[in-house]
>>> print(open('data_35.cif').read())   # mmCIF, N, CA and C atoms
data_model
#
loop_
_atom_site.label_atom_id
_atom_site.label_comp_id
_atom_site.auth_asym_id
_atom_site.auth_seq_id
_atom_site.Cartn_x
_atom_site.Cartn_y
_atom_site.Cartn_z
N MET X 1 7.44 11.57 -6.07
CA MET X 1 6.69 10.60 -6.86
C MET X 1 6.44 11.23 -8.23
N THR X 2 6.67 10.44 -9.27
CA THR X 2 6.50 10.95 -10.63
C THR X 2 5.03 11.13 -10.97
N THR X 3 4.79 11.92 -11.99
CA THR X 3 3.42 12.14 -12.45
C THR X 3 2.79 10.84 -12.90
N LEU X 4 3.56 9.99 -13.59
CA LEU X 4 3.01 8.72 -14.05
C LEU X 4 2.65 7.83 -12.87
N SER X 5 3.50 7.78 -11.85
CA SER X 5 3.19 6.97 -10.66
C SER X 5 1.92 7.47 -10.00
N LYS X 6 1.79 8.77 -9.87
CA LYS X 6 0.58 9.34 -9.28
C LYS X 6 -0.63 8.99 -10.11
N THR X 7 -0.45 9.00 -11.43
CA THR X 7 -1.55 8.68 -12.34
C THR X 7 -1.99 7.23 -12.15
N LEU X 8 -1.03 6.32 -12.07
CA LEU X 8 -1.37 4.91 -11.90
C LEU X 8 -2.07 4.66 -10.56
N ILE X 9 -1.58 5.28 -9.53
CA ILE X 9 -2.20 5.14 -8.21
C ILE X 9 -3.60 5.73 -8.23
N ALA X 10 -3.74 6.88 -8.84
CA ALA X 10 -5.05 7.52 -8.90
C ALA X 10 -6.04 6.69 -9.69
N THR X 11 -5.56 6.06 -10.73
CA THR X 11 -6.44 5.20 -11.53
C THR X 11 -7.02 4.09 -10.67
N ALA X 12 -6.18 3.46 -9.91
CA ALA X 12 -6.66 2.39 -9.04
C ALA X 12 -7.62 2.93 -7.99
N ALA X 13 -7.30 4.08 -7.44
CA ALA X 13 -8.17 4.66 -6.42
C ALA X 13 -9.53 5.00 -7.01
N PHE X 14 -9.54 5.51 -8.22
CA PHE X 14 -10.82 5.83 -8.86
C PHE X 14 -11.65 4.57 -9.04
N ALA X 15 -11.01 3.50 -9.46
CA ALA X 15 -11.74 2.25 -9.65
C ALA X 15 -12.32 1.76 -8.32
N ILE X 16 -11.59 1.95 -7.25
CA ILE X 16 -12.08 1.55 -5.93
C ILE X 16 -13.30 2.38 -5.55
N THR X 17 -13.21 3.69 -5.73
CA THR X 17 -14.33 4.54 -5.33
C THR X 17 -15.53 4.39 -6.24
N ALA X 18 -15.31 3.88 -7.45
CA ALA X 18 -16.40 3.70 -8.40
C ALA X 18 -17.21 2.44 -8.13
N THR X 19 -16.69 1.57 -7.28
CA THR X 19 -17.39 0.34 -6.93
C THR X 19 -17.69 0.36 -5.44
N SER X 20 -18.58 -0.50 -5.02
CA SER X 20 -18.89 -0.57 -3.59
C SER X 20 -17.71 -1.17 -2.83
N ALA X 21 -17.67 -0.93 -1.53
CA ALA X 21 -16.56 -1.40 -0.71
C ALA X 21 -16.46 -2.92 -0.72
N PHE X 22 -17.54 -3.60 -0.93
CA PHE X 22 -17.53 -5.06 -0.86
C PHE X 22 -17.63 -5.71 -2.23
N SER X 23 -17.47 -4.97 -3.27
CA SER X 23 -17.60 -5.49 -4.62
C SER X 23 -16.47 -6.44 -4.96
N GLN X 24 -16.80 -7.51 -5.64
CA GLN X 24 -15.80 -8.45 -6.10
C GLN X 24 -15.55 -8.29 -7.61
N ALA X 25 -16.09 -7.23 -8.20
CA ALA X 25 -15.93 -6.99 -9.64
C ALA X 25 -14.47 -6.67 -9.95
N THR X 26 -14.01 -7.12 -11.11
CA THR X 26 -12.65 -6.81 -11.53
C THR X 26 -12.61 -5.41 -12.13
N TRP X 27 -11.44 -4.81 -12.11
CA TRP X 27 -11.27 -3.50 -12.70
C TRP X 27 -11.06 -3.69 -14.19
N ASP X 28 -11.59 -2.81 -14.98
CA ASP X 28 -11.52 -2.94 -16.42
C ASP X 28 -10.63 -1.85 -17.00
N PHE X 29 -9.31 -2.01 -16.81
CA PHE X 29 -8.36 -1.07 -17.41
C PHE X 29 -8.13 -1.50 -18.85
N LYS X 30 -8.15 -0.56 -19.75
CA LYS X 30 -8.00 -0.88 -21.16
C LYS X 30 -6.65 -0.37 -21.68
N ALA X 31 -6.01 -1.22 -22.49
CA ALA X 31 -4.75 -0.83 -23.12
C ALA X 31 -5.00 0.41 -23.98
N GLY X 32 -4.05 1.31 -23.98
CA GLY X 32 -4.17 2.50 -24.80
C GLY X 32 -4.94 3.63 -24.14
N MET X 33 -5.41 3.40 -22.92
CA MET X 33 -6.15 4.44 -22.19
C MET X 33 -5.31 4.93 -21.02
N ALA X 34 -5.44 6.19 -20.67
CA ALA X 34 -4.79 6.77 -19.50
C ALA X 34 -5.89 7.23 -18.55
N TYR X 35 -5.71 6.96 -17.28
CA TYR X 35 -6.68 7.35 -16.24
C TYR X 35 -5.95 8.31 -15.31
N VAL X 36 -6.50 9.50 -15.14
CA VAL X 36 -5.80 10.56 -14.42
C VAL X 36 -6.60 11.01 -13.22
N TYR X 37 -5.95 11.04 -12.06
CA TYR X 37 -6.53 11.58 -10.84
C TYR X 37 -6.00 12.98 -10.67
N GLY X 38 -6.88 13.97 -10.71
CA GLY X 38 -6.47 15.37 -10.62
C GLY X 38 -6.76 16.00 -9.27
N GLY X 39 -7.09 15.19 -8.28
CA GLY X 39 -7.45 15.69 -6.95
C GLY X 39 -8.86 15.24 -6.62
N PRO X 40 -9.31 15.52 -5.40
CA PRO X 40 -10.64 15.06 -4.99
C PRO X 40 -11.73 15.45 -5.98
N GLY X 41 -12.44 14.45 -6.46
CA GLY X 41 -13.54 14.68 -7.38
C GLY X 41 -13.12 14.97 -8.81
N LYS X 42 -11.85 14.83 -9.13
CA LYS X 42 -11.36 15.16 -10.47
C LYS X 42 -10.68 13.95 -11.10
N MET X 43 -11.48 13.14 -11.78
CA MET X 43 -10.95 11.98 -12.51
C MET X 43 -11.24 12.16 -13.98
N SER X 44 -10.33 11.67 -14.82
CA SER X 44 -10.58 11.69 -16.25
C SER X 44 -9.94 10.46 -16.88
N ALA X 45 -10.44 10.09 -18.03
CA ALA X 45 -9.87 9.01 -18.83
C ALA X 45 -9.78 9.50 -20.26
N MET X 46 -8.69 9.16 -20.91
CA MET X 46 -8.54 9.57 -22.30
C MET X 46 -7.64 8.59 -23.03
N ALA X 47 -7.81 8.53 -24.34
CA ALA X 47 -6.96 7.69 -25.17
C ALA X 47 -5.56 8.29 -25.23
N MET X 48 -4.56 7.44 -25.11
CA MET X 48 -3.18 7.90 -25.21
C MET X 48 -2.76 7.95 -26.67
N ALA X 49 -1.85 8.84 -26.99
CA ALA X 49 -1.29 8.89 -28.33
C ALA X 49 -0.57 7.56 -28.59
N PRO X 50 -0.79 6.94 -29.73
CA PRO X 50 -0.23 5.60 -29.97
C PRO X 50 1.25 5.56 -30.34
N ALA X 51 1.90 6.69 -30.48
CA ALA X 51 3.29 6.71 -30.93
C ALA X 51 4.23 6.01 -29.94
N GLU X 52 5.21 5.30 -30.47
CA GLU X 52 6.22 4.60 -29.67
C GLU X 52 6.95 5.58 -28.76
N LYS X 53 7.25 6.77 -29.25
CA LYS X 53 7.95 7.79 -28.46
C LYS X 53 7.13 8.15 -27.22
N ASN X 54 5.82 8.26 -27.37
CA ASN X 54 4.94 8.58 -26.25
C ASN X 54 4.99 7.45 -25.22
N HIS X 55 4.89 6.22 -25.68
CA HIS X 55 4.94 5.06 -24.78
C HIS X 55 6.26 5.01 -24.03
N ASP X 56 7.36 5.21 -24.74
CA ASP X 56 8.68 5.19 -24.11
C ASP X 56 8.82 6.28 -23.06
N ALA X 57 8.28 7.45 -23.32
CA ALA X 57 8.34 8.55 -22.36
C ALA X 57 7.57 8.21 -21.09
N MET X 58 6.40 7.58 -21.24
CA MET X 58 5.62 7.20 -20.06
C MET X 58 6.31 6.09 -19.27
N MET X 59 6.89 5.13 -19.96
CA MET X 59 7.51 3.99 -19.29
C MET X 59 8.84 4.35 -18.61
N LYS X 60 9.45 5.45 -19.02
CA LYS X 60 10.75 5.83 -18.47
C LYS X 60 10.74 5.91 -16.95
N ASN X 61 9.70 6.48 -16.35
CA ASN X 61 9.62 6.63 -14.90
C ASN X 61 8.49 5.81 -14.28
N ALA X 62 7.90 4.93 -15.07
CA ALA X 62 6.77 4.13 -14.56
C ALA X 62 7.26 3.10 -13.54
N LYS X 63 6.41 2.83 -12.57
CA LYS X 63 6.70 1.81 -11.56
C LYS X 63 5.50 0.88 -11.48
N LYS X 64 5.78 -0.40 -11.45
CA LYS X 64 4.72 -1.39 -11.31
C LYS X 64 4.11 -1.28 -9.92
N VAL X 65 2.79 -1.32 -9.84
CA VAL X 65 2.12 -1.30 -8.55
C VAL X 65 2.27 -2.70 -7.94
N PRO X 66 2.83 -2.80 -6.73
CA PRO X 66 3.05 -4.11 -6.12
C PRO X 66 1.73 -4.82 -5.80
N ASP X 67 1.78 -6.14 -5.78
CA ASP X 67 0.63 -6.92 -5.34
C ASP X 67 0.23 -6.49 -3.94
N ASN X 68 -1.03 -6.65 -3.61
CA ASN X 68 -1.57 -6.34 -2.29
C ASN X 68 -1.38 -4.88 -1.90
N THR X 69 -1.53 -3.98 -2.88
CA THR X 69 -1.51 -2.55 -2.60
C THR X 69 -2.95 -2.10 -2.41
N VAL X 70 -3.21 -1.41 -1.33
CA VAL X 70 -4.55 -0.91 -1.01
C VAL X 70 -4.55 0.60 -1.21
N PHE X 71 -5.52 1.11 -1.95
CA PHE X 71 -5.67 2.55 -2.18
C PHE X 71 -6.91 3.01 -1.42
N PHE X 72 -6.81 4.19 -0.80
CA PHE X 72 -7.95 4.71 -0.06
C PHE X 72 -7.85 6.22 0.06
N MET X 73 -9.00 6.84 0.31
CA MET X 73 -9.06 8.29 0.50
C MET X 73 -9.25 8.59 1.98
N ASP X 74 -8.59 9.65 2.45
CA ASP X 74 -8.78 10.14 3.81
C ASP X 74 -8.73 11.65 3.77
N LYS X 75 -9.81 12.29 4.17
CA LYS X 75 -9.91 13.75 4.20
C LYS X 75 -9.51 14.37 2.86
N GLY X 76 -9.97 13.74 1.76
CA GLY X 76 -9.74 14.28 0.44
C GLY X 76 -8.37 14.00 -0.15
N THR X 77 -7.54 13.21 0.54
CA THR X 77 -6.20 12.90 0.06
C THR X 77 -6.11 11.42 -0.28
N LEU X 78 -5.49 11.10 -1.42
CA LEU X 78 -5.33 9.73 -1.86
C LEU X 78 -4.10 9.11 -1.21
N TYR X 79 -4.26 7.91 -0.66
CA TYR X 79 -3.17 7.17 -0.02
C TYR X 79 -3.10 5.76 -0.57
N SER X 80 -1.93 5.12 -0.42
CA SER X 80 -1.79 3.70 -0.70
C SER X 80 -0.94 3.09 0.41
N THR X 81 -1.18 1.80 0.66
CA THR X 81 -0.40 1.07 1.65
C THR X 81 -0.32 -0.38 1.23
N SER X 82 0.60 -1.11 1.80
CA SER X 82 0.75 -2.53 1.49
C SER X 82 -0.03 -3.34 2.52
N GLY X 83 -0.82 -4.27 2.04
CA GLY X 83 -1.61 -5.11 2.93
C GLY X 83 -2.76 -5.72 2.17
N ARG X 84 -3.77 -6.14 2.89
CA ARG X 84 -4.94 -6.72 2.23
C ARG X 84 -6.18 -6.43 3.06
N LEU X 85 -7.33 -6.51 2.41
CA LEU X 85 -8.61 -6.35 3.07
C LEU X 85 -9.31 -7.70 3.04
N ASP X 86 -9.91 -8.09 4.16
CA ASP X 86 -10.71 -9.32 4.15
C ASP X 86 -12.09 -8.99 3.59
N PRO X 87 -12.93 -9.99 3.38
CA PRO X 87 -14.25 -9.72 2.77
C PRO X 87 -15.13 -8.76 3.56
N THR X 88 -14.85 -8.56 4.83
CA THR X 88 -15.65 -7.63 5.63
C THR X 88 -15.07 -6.22 5.64
N GLY X 89 -13.91 -6.03 4.95
CA GLY X 89 -13.29 -4.72 4.88
C GLY X 89 -12.24 -4.44 5.91
N ASN X 90 -11.90 -5.42 6.76
CA ASN X 90 -10.85 -5.25 7.76
C ASN X 90 -9.48 -5.35 7.09
N PHE X 91 -8.56 -4.47 7.46
CA PHE X 91 -7.24 -4.39 6.86
C PHE X 91 -6.24 -5.21 7.66
N TYR X 92 -5.37 -5.90 6.94
CA TYR X 92 -4.29 -6.68 7.55
C TYR X 92 -2.99 -6.39 6.83
N VAL X 93 -1.90 -6.25 7.59
CA VAL X 93 -0.57 -6.09 7.00
C VAL X 93 -0.07 -7.48 6.65
N ASN X 94 0.50 -7.62 5.48
CA ASN X 94 1.03 -8.93 5.05
C ASN X 94 2.25 -9.32 5.83
#
>>> encode(input="data_35.cif", output="structure tokens")
Amino acid sequence: MTTLSKTLIATAAFAITATSAFSQATWDFKAGMAYVYGGPGKMSAMAMAPAEKNHDAMMKNAKKVPDNTVFFMDKGTLYSTSGRLDPTGNFYVN
């Protein structure tokens, strides 16, 4: 998995852990910002360099996160899976 893919997944996981399990709030990702997961308890956000070359380098190995991707932590490790959670937090495979 590329560093950018890990970064995107970590960003989503951070947003999940930053809200309650039952929150219906939307995530507020901002254009021009990078969100980095550096391991358990290590999250950071920073402005990306605005140069086209920088954007192209990031997009070269970027992968779109599929719809209905669930991110979660288990024993300090970040995971993702395909499926959905109902309002009570029960997981279902699509």
>>> resolve_selection(input="data_35.cif", expression="the PyMOL selection byres ((chain X and resi 46) around 5)", output="PyMOL selection string")
chain X and resi 33-34+44-45+47-48
>>> atom_distance(input="data_35.cif", atom1="CA of Lys30 in chain X", atom2="CA of Gly89 in chain X")
26.8 Å
>>> resolve_selection(input="data_35.cif", expression="the PyMOL selection byres (((chain X and resi 70 and name CA) around 6) and name CA)", output="PyMOL selection string")
chain X and resi 69+71+80-81
>>> atom_distance(input="data_35.cif", atom1="atom N of Gly83 in chain X", atom2="atom C of Asp67 in chain X")
6.5 Å
>>> atom_distance(input="data_35.cif", atom1="CA of Lys60 in chain X", atom2="CA of Gly32 in chain X")
16.5 Å
